[in-house]
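**Q** Structure supplied as start-v6.txt; contents: compact mmCIF, C-alpha atoms.
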```txt
# COMPACT_ATOMS: atom_id res chain seq x y z
CA MET G 1 -12.97 181.01 40.27
CA ARG G 2 -14.22 177.44 40.61
CA PRO G 3 -15.15 174.29 38.68
CA ILE G 4 -18.79 173.79 37.77
CA THR G 5 -20.82 171.54 40.04
CA GLY G 6 -22.09 169.30 37.24
CA ARG G 7 -24.49 169.09 34.30
CA GLU G 8 -26.87 171.45 36.07
CA GLU G 9 -24.41 174.30 35.46
CA LEU G 10 -23.90 173.72 31.73
CA ASP G 11 -26.16 176.67 30.93
CA LEU G 12 -23.90 178.87 33.04
CA PHE G 13 -20.75 177.45 31.43
CA SER G 14 -22.23 177.91 27.94
CA GLN G 15 -22.99 181.61 28.32
CA LEU G 16 -19.83 182.33 26.32
CA PRO G 17 -20.21 181.14 22.71
CA TYR G 18 -18.03 178.49 21.09
CA VAL G 19 -18.53 175.64 18.66
CA PHE G 20 -18.19 172.98 21.38
CA ASN G 21 -21.08 174.19 23.52
CA GLY G 22 -23.52 171.77 21.92
CA GLU G 23 -21.21 168.80 22.62
CA LEU G 24 -20.59 169.42 26.34
CA ALA G 25 -23.49 167.34 27.67
CA ASP G 26 -22.53 164.30 25.59
CA ASP G 27 -18.86 164.71 26.51
CA LEU G 28 -19.74 164.75 30.22
CA ALA G 29 -21.93 161.67 29.83
CA ALA G 30 -19.14 159.82 28.00
CA GLY G 31 -16.47 160.82 30.50
CA ARG G 32 -14.49 162.84 27.97
CA ARG G 33 -15.02 165.83 30.26
CA ARG G 34 -15.50 166.11 34.01
CA PRO G 35 -17.05 168.91 36.04
CA ALA G 36 -13.75 169.23 37.94
CA TRP G 37 -12.05 170.04 34.61
CA MET G 38 -14.53 172.79 33.65
CA TRP G 39 -13.75 176.07 35.38
CA VAL G 40 -15.51 179.43 35.46
CA ALA G 41 -14.53 182.91 36.59
CA LEU G 42 -17.58 184.72 37.95
CA ARG G 43 -18.32 188.22 39.16
CA GLY G 44 -21.65 187.75 40.89
CA ASP G 45 -23.75 185.84 38.35
CA ARG G 46 -21.80 187.13 35.35
CA LEU G 47 -19.47 184.74 33.55
CA LEU G 48 -16.17 186.53 32.84
CA ALA G 49 -14.06 183.60 31.60
CA ARG G 50 -14.05 179.82 31.36
CA ALA G 51 -11.64 176.98 30.67
CA ALA G 52 -12.09 173.25 30.09
CA TRP G 53 -9.96 170.18 29.46
CA TRP G 54 -10.87 167.17 27.32
CA SER G 55 -9.71 163.56 27.26
CA ARG G 56 -10.15 160.86 24.65
CA ARG G 57 -12.04 158.48 26.91
CA ASP G 58 -13.32 158.04 30.45
CA GLY G 59 -10.50 157.44 32.91
CA ASP G 60 -7.76 159.15 30.89
CA ALA G 61 -5.87 162.21 32.14
CA PRO G 62 -6.62 165.56 30.46
CA PHE G 63 -5.37 165.29 26.88
CA ILE G 64 -5.94 168.81 25.57
CA LEU G 65 -7.04 172.26 26.71
CA ASP G 66 -9.69 172.97 24.11
CA ILE G 67 -11.85 175.65 25.72
CA LEU G 68 -10.47 178.95 26.95
CA ASP G 69 -12.79 181.93 26.67
CA ILE G 70 -13.06 185.43 28.00
CA ASP G 71 -16.06 187.72 27.61
CA ASP G 72 -15.28 189.50 24.33
CA SER G 73 -18.26 191.81 24.75
CA ALA G 74 -16.98 193.17 28.06
CA ALA G 75 -15.24 196.51 28.31
CA ASP G 76 -13.24 195.32 31.32
CA PRO G 77 -9.63 196.40 30.81
CA ASP G 78 -8.59 193.41 32.93
CA ARG G 79 -10.37 190.70 30.90
CA VAL G 80 -7.06 189.24 29.67
CA ASP G 81 -5.71 189.33 33.24
CA ILE G 82 -8.79 187.41 34.38
CA GLY G 83 -8.16 184.80 31.70
CA VAL G 84 -4.56 184.41 32.83
CA ARG G 85 -5.56 184.00 36.47
CA LEU G 86 -8.24 181.45 35.56
CA LEU G 87 -5.84 179.43 33.41
CA GLN G 88 -3.19 179.40 36.12
CA THR G 89 -5.75 178.42 38.75
CA THR G 90 -7.32 175.57 36.78
CA THR G 91 -3.89 174.29 35.68
CA ALA G 92 -2.68 174.10 39.29
CA ALA G 93 -5.89 172.39 40.41
CA THR G 94 -6.28 169.95 37.51
CA LEU G 95 -2.80 168.79 36.51
CA PRO G 96 -0.12 166.97 38.55
CA ASN G 97 2.28 169.40 40.21
CA GLY G 98 5.17 170.29 37.92
CA SER G 99 3.80 168.43 34.88
CA ARG G 100 3.85 169.92 31.40
CA PRO G 101 0.35 171.13 30.48
CA PRO G 102 -1.34 169.42 27.52
CA GLU G 103 -1.53 171.20 24.20
CA TYR G 104 -4.02 174.02 23.67
CA SER G 105 -6.35 173.91 20.66
CA ARG G 106 -8.72 176.58 19.33
CA PHE G 107 -10.92 176.41 16.24
CA VAL G 108 -11.12 179.76 14.45
CA PRO G 109 -12.66 181.02 11.19
CA PRO G 110 -10.51 180.53 8.08
CA ASP G 111 -10.30 184.31 7.60
CA TRP G 112 -9.81 185.15 11.26
CA ARG G 113 -6.99 187.60 10.57
CA GLU G 114 -9.11 189.64 8.13
CA ASN G 115 -11.93 190.49 10.57
CA ALA G 116 -10.91 192.98 13.25
CA ALA G 117 -13.24 191.65 15.97
CA THR G 118 -12.40 188.01 15.30
CA ARG G 119 -8.69 188.73 15.17
CA GLN G 120 -8.85 190.57 18.51
CA ALA G 121 -10.68 187.65 20.14
CA VAL G 122 -8.16 185.10 18.87
CA GLU G 123 -5.17 187.22 19.79
CA ASP G 124 -6.56 187.92 23.28
CA ARG G 125 -6.74 184.19 23.94
CA MET G 126 -3.26 183.67 22.54
CA THR G 127 -2.02 186.43 24.85
CA VAL G 128 -3.58 184.63 27.82
CA LEU G 129 -1.73 181.45 26.82
CA GLU G 130 1.55 183.28 26.21
CA ARG G 131 1.41 184.96 29.61
CA ALA G 132 0.87 181.52 31.12
CA GLY G 133 4.03 180.24 29.43
CA ALA G 134 2.77 178.75 26.14
CA GLN G 135 3.84 179.57 22.60
CA LEU G 136 2.38 179.03 19.14
CA PHE G 137 3.19 175.55 17.85
CA VAL G 138 1.31 175.31 14.55
CA GLU G 139 -1.72 176.61 12.72
CA ARG G 140 -3.79 173.99 10.91
CA LEU G 141 -6.41 173.93 8.17
CA ARG G 142 -9.65 172.03 8.81
CA TRP G 143 -11.40 170.48 5.82
CA ASP G 144 -14.99 169.48 5.17
CA TRP G 145 -16.43 167.26 2.40
CA HIS G 146 -20.20 166.97 1.90
CA PRO G 147 -22.22 164.48 -0.15
CA GLN G 148 -23.28 167.28 -2.50
CA SER G 149 -19.71 167.16 -3.83
CA PRO G 150 -18.96 164.56 -6.52
CA VAL G 151 -17.55 161.31 -5.19
CA PRO G 152 -14.12 160.88 -6.81
CA GLU G 153 -13.95 158.14 -9.42
CA PRO G 154 -11.25 155.44 -9.20
CA GLY G 155 -8.17 156.43 -11.12
CA GLY G 156 -7.18 152.88 -12.01
CA ARG G 157 -3.48 153.37 -11.30
CA PHE G 158 -3.50 151.27 -8.13
CA ALA G 159 -5.09 148.33 -6.44
CA PHE G 160 -6.32 149.02 -2.91
CA ARG G 161 -6.33 146.39 -0.20
CA PRO G 162 -7.00 146.38 3.55
CA VAL G 163 -4.16 146.64 6.04
CA HIS G 164 -2.96 143.18 7.12
CA ASP G 165 -2.22 144.08 10.74
CA ALA G 166 -0.89 146.77 13.07
CA GLU G 167 2.72 145.81 12.40
CA GLU G 168 2.35 146.40 8.67
CA LEU G 169 0.71 149.79 9.19
CA VAL G 170 3.30 150.94 11.73
CA THR G 171 6.07 149.97 9.29
CA LEU G 172 4.45 152.06 6.54
CA MET G 173 3.86 154.94 8.95
CA ALA G 174 7.55 154.89 9.87
CA LEU G 175 8.51 155.06 6.19
CA ALA G 176 6.09 157.95 5.62
CA LEU G 177 7.76 159.99 8.38
CA ASP G 178 10.81 160.49 6.15
CA GLY G 179 10.49 164.10 5.00
CA THR G 180 7.18 164.68 6.75
CA LEU G 181 5.81 168.23 6.79
CA ASP G 182 3.57 167.55 9.80
CA ALA G 183 4.65 169.66 12.79
CA HIS G 184 3.51 167.17 15.43
CA SER G 185 5.38 164.33 13.75
CA ARG G 186 8.50 166.44 13.32
CA ASP G 187 8.34 167.32 17.02
CA ASP G 188 8.04 163.64 17.96
CA LEU G 189 11.13 162.87 15.88
CA THR G 190 13.20 165.28 18.00
CA ARG G 191 12.50 163.09 21.04
CA MET G 192 12.22 159.53 19.75
CA SER G 193 13.13 157.19 16.91
CA VAL G 194 11.11 156.95 13.73
CA HIS G 195 9.68 153.59 14.82
CA GLU G 196 8.79 154.91 18.27
CA ALA G 197 7.03 157.91 16.72
CA ALA G 198 5.00 155.66 14.43
CA VAL G 199 4.03 153.36 17.32
CA LYS G 200 3.04 156.36 19.45
CA HIS G 201 0.79 157.75 16.72
CA TYR G 202 -0.78 154.36 16.09
CA GLU G 203 -1.42 153.51 19.74
CA GLU G 204 -2.54 156.97 20.86
CA GLU G 205 -4.85 157.66 17.92
CA LEU G 206 -5.47 155.10 15.19
CA ALA G 207 -5.84 152.06 17.47
CA ARG G 208 -8.49 153.88 19.50
CA TYR G 209 -10.96 154.32 16.66
CA THR G 210 -13.91 151.95 16.96
CA SER G 211 -14.89 152.24 13.28
CA PRO G 212 -14.12 149.20 11.09
CA ARG G 213 -10.46 148.62 10.35
CA ASP G 214 -11.32 147.08 7.02
CA TRP G 215 -11.92 150.67 5.87
CA TRP G 216 -8.15 151.23 6.08
CA ARG G 217 -6.52 150.95 2.66
CA ILE G 218 -3.04 150.47 1.23
CA ALA G 219 -2.45 151.55 -2.37
CA THR G 220 -0.27 149.13 -4.34
CA LEU G 221 1.28 149.00 -7.79
CA PRO G 222 0.40 146.05 -10.08
CA GLY G 223 3.28 144.07 -8.60
CA GLY G 224 2.02 144.59 -5.06
CA GLU G 225 4.49 147.29 -3.95
CA PRO G 226 2.85 149.76 -1.52
CA VAL G 227 2.94 153.40 -2.61
CA GLY G 228 0.87 154.91 0.21
CA PHE G 229 -2.14 154.45 2.46
CA VAL G 230 -5.23 156.15 3.81
CA ILE G 231 -7.04 155.69 7.13
CA PRO G 232 -10.75 156.54 6.87
CA ALA G 233 -12.33 156.38 10.33
CA ARG G 234 -15.00 157.75 12.60
CA ASN G 235 -14.03 159.54 15.80
CA ASP G 236 -16.42 160.51 18.60
CA TYR G 237 -17.86 163.34 16.50
CA ASN G 238 -17.39 162.87 12.75
CA PRO G 239 -16.26 160.60 9.93
CA ILE G 240 -12.66 161.61 9.19
CA ILE G 241 -9.62 161.03 7.04
CA ALA G 242 -7.39 160.21 9.99
CA TYR G 243 -4.13 159.62 8.10
CA LEU G 244 -3.07 160.05 4.50
CA ALA G 245 0.41 159.38 3.14
CA VAL G 246 2.48 158.68 0.05
CA LEU G 247 5.71 156.80 0.72
CA PRO G 248 8.90 158.81 -0.02
CA ALA G 249 9.98 156.73 -3.04
CA HIS G 250 6.71 157.54 -4.81
CA ARG G 251 6.18 161.22 -4.01
CA GLY G 252 5.90 163.80 -6.77
CA ASN G 253 3.75 161.64 -9.07
CA GLY G 254 0.31 162.88 -8.04
CA TYR G 255 -0.52 159.62 -6.27
CA ILE G 256 -1.96 161.50 -3.29
CA ASP G 257 -5.11 162.30 -5.31
CA ASP G 258 -5.90 158.63 -5.98
CA ILE G 259 -5.29 157.64 -2.37
CA LEU G 260 -7.40 160.44 -0.91
CA ALA G 261 -10.15 159.63 -3.42
CA GLU G 262 -10.24 156.03 -2.18
CA GLY G 263 -10.58 157.13 1.44
CA THR G 264 -13.33 159.58 0.49
CA ARG G 265 -15.23 156.89 -1.45
CA ILE G 266 -15.10 154.46 1.47
CA LEU G 267 -16.67 156.98 3.83
CA ALA G 268 -19.14 158.29 1.23
CA GLU G 269 -20.42 154.72 0.80
CA GLN G 270 -21.47 154.81 4.47
CA ASN G 271 -23.90 157.68 3.64
CA VAL G 272 -22.10 160.01 6.05
CA PRO G 273 -23.32 163.62 6.40
CA ARG G 274 -19.78 164.97 6.08
CA ILE G 275 -16.11 164.02 6.15
CA ARG G 276 -13.59 166.01 8.15
CA ALA G 277 -9.81 166.23 7.87
CA SER G 278 -6.94 168.48 8.98
CA THR G 279 -3.56 169.53 7.60
CA ASP G 280 -0.86 171.89 8.79
CA LEU G 281 -0.99 175.32 7.18
CA GLY G 282 2.53 174.75 5.85
CA ASN G 283 1.75 171.37 4.29
CA THR G 284 0.88 172.83 0.89
CA PRO G 285 0.92 169.56 -1.11
CA MET G 286 -1.59 167.93 1.25
CA ALA G 287 -3.79 171.05 1.37
CA ASN G 288 -3.87 171.21 -2.43
CA ALA G 289 -4.89 167.54 -2.59
CA PHE G 290 -7.89 168.17 -0.34
CA ARG G 291 -8.93 171.17 -2.44
CA ARG G 292 -8.74 169.13 -5.66
CA ALA G 293 -10.86 166.42 -4.02
CA GLY G 294 -13.67 168.89 -3.28
CA TYR G 295 -12.95 169.51 0.38
CA LEU G 296 -13.55 173.05 1.69
CA ASN G 297 -11.38 174.82 4.27
CA PHE G 298 -14.16 175.71 6.73
CA GLU G 299 -11.99 176.44 9.80
CA ARG G 300 -8.48 176.78 11.08
CA GLU G 301 -7.01 175.48 14.31
CA ILE G 302 -4.49 177.20 16.55
CA ASN G 303 -2.22 174.86 18.55
CA MET G 304 -0.07 176.22 21.36
CA THR G 305 2.27 174.25 23.62
CA TRP G 306 4.42 174.62 26.69
CA SER G 307 8.16 173.90 26.62
```
Please express what this file holds, its structure, as structure tokens.

**A**
Amino acid sequence: MRPITGREELDLFSQLPYVFNGELADDLAAGRRRPAWMWVALRGDRLLARAAWWSRRDGDAPFILDILDIDDSAADPDRVDIGVRLLQTTTAATLPNGSRPPEYSRFVPPDWRENAATRQAVEDRMTVLERAGAQLFVERLRWDWHPQSPVPEPGGRFAFRPVHDAEELVTLMALALDGTLDAHSRDDLTRMSVHEAAVKHYEEELARYTSPRDWWRIATLPGGEPVGFVIPARNDYNPIIAYLAVLPAHRGNGYIDDILAEGTRILAEQNVPRIRASTDLGNTPMANAFRRAGYLNFEREINMTWS
């Protein structure tokens, strides 16, 4: 068990299939991954398991464990044990002693429970994580909009304007946290104030996007009162709907459709090849809004965390 030596071992590391394989070279070049964070378990020349950490930008600490694979084609009865040993080894070598490991993320097919082979592969990886001390945190739906879908027309109920500044957006984000169905936000609120949670989300995610901030939109009534907002953006991989919210006083009126439509239009005007978004499996109102807007649930995401 060892880390890879560098880019020259990407072919070895990529012997096990996963959607991120095609991004590894660019991630290494950008500093989002490091060879020391990409571990393999080998028996001779055969790759038995692998694990890798990812960070948002060069110089950051590992932000997420987003690759953990074992050889699903192998008949080895100890393949899960090998995965556990690899995860424990790379965790000890990569993270500060005694620190809480970052969250684990895995993209899986939307019907992963209905296919026996896919379900076994997902559950084997979850077993590896559980034996290393993690537990399921949330399952999320991943959404995809393509230009072949109709671009939503303006509904006319609201005016949309850019966000004035970070302070205004953080204030609206704090209001939107009242009654939130988002598991990560609810977890933050167990450890910090509403304002602190909004600032954390803004500084750790939204402020890092390099796409134009004049894409960000606040929906207002004719008198200027905000009813919600949408944050269209571009991350390192795709155009995305990064944040979408209706303020508590205005929920239940179907406003989410107009606000999502505005965010979709802004990105569609950039001639993007796709738009991505995510919602928690349990956030039914948000999921239904994406479906109505022509987004397709093309994947799910499994998040697991350590206490």

**Q** Applying 9 Å and all atoms listed in the file, which residues near stretch 276-285 of chain G remain after dropping the ones on its own chain fewer than 2 positions away? List them as number ranges by chain.

**A** G: 138-145, 180-183, 238-243, 256, 274, 287-290, 295, 300-301

**Q** Which residues of stretch 180-249 of chain G come within 12 Å of stretch 49-72 of chain G, and what is each one's closest atom pair and distance in Å (one decimal), counting only C-alpha atoms, sorted by chain and residue number, as a tab-separated table?

**A**
```
residue	atom	partner	partner_atom	distance
G:Glu204	CA	G:Arg56	CA	9.3
G:Glu205	CA	G:Arg56	CA	9.1
G:Arg208	CA	G:Arg56	CA	8.8
G:Tyr209	CA	G:Arg56	CA	10.4
G:Asn235	CA	G:Arg56	CA	9.8
G:Asp236	CA	G:Arg56	CA	8.7
G:Tyr237	CA	G:Arg56	CA	11.5
```

**Q** As an exercise, work out the distance from atom CA of G:Leu28 to atom CA of G:Val122 in Å and give it to one decimal place.

**A**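 Interatomic distance here is 26.0 Å.
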
**Q** Counting all atoms listed in the file, which residue out of G:Leu24, G:Met1, G:Ile259, G:Leu12 sits closest to G:Val40?

**A**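 Of G:Leu24, G:Met1, G:Ile259, G:Leu12, the one nearest G:Val40, counting all atoms listed in the file, is G:Met1.
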
**Q** Can you tell me how far atom CA of G:Tyr255 sits from atom CA of G:Asn271, in Å to one decimal?

**A**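 Separating atom CA of G:Tyr255 from atom CA of G:Asn271 is a distance of 25.5 Å.
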
**Q** Counting only C-alpha atoms, figure out which residue out of G:Thr220, G:Thr210, G:Gln270, G:Ser73 gets nearest to G:Thr118.

**A** G:Ser73

**Q** Mind pulling up the distance from atom CA of G:Tyr18 to atom CA of G:Gln120?

**A** 15.4 Å

**Q** Which is closest to G:Thr305 among G:Trp37, G:Phe137, G:Trp112, G:Phe13, if we use only C-alpha atoms?

**A**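 Checking each of G:Trp37, G:Phe137, G:Trp112, G:Phe13 against G:Thr305, counting only C-alpha atoms, the winner is G:Phe137.
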
**Q** Go through G:Ala36, G:Glu23, G:Ala245, G:Ile218 and flag the residue nearest G:Thr94, using all atoms listed in the file for the distances.

**A**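 Checking each of G:Ala36, G:Glu23, G:Ala245, G:Ile218 against G:Thr94, counting all atoms listed in the file, the winner is G:Ala36.
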
**Q** Name the residues in contact with G:Pro35 at a cut-off of 8 Å, using all atoms listed in the file, excluding same-chain residues fewer than 3 positions from it; report them as a PyMOL selection string.

**A** chain G and resi 3-7+28+38-39

**Q** Could you tell me which of G:Gly98, G:Leu221, G:Gly228, G:Leu169 comes closest to G:Leu206 if we count all atoms listed in the file?

**A**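 So, comparing all the options, the nearest one is G:Leu169.
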
**Q** My list of candidates is G:Gly294, G:Gly263, G:Gly83, G:Pro226. Which is closest to G:Glu130 when distances are computed with all atoms listed in the file?

**A** G:Gly83
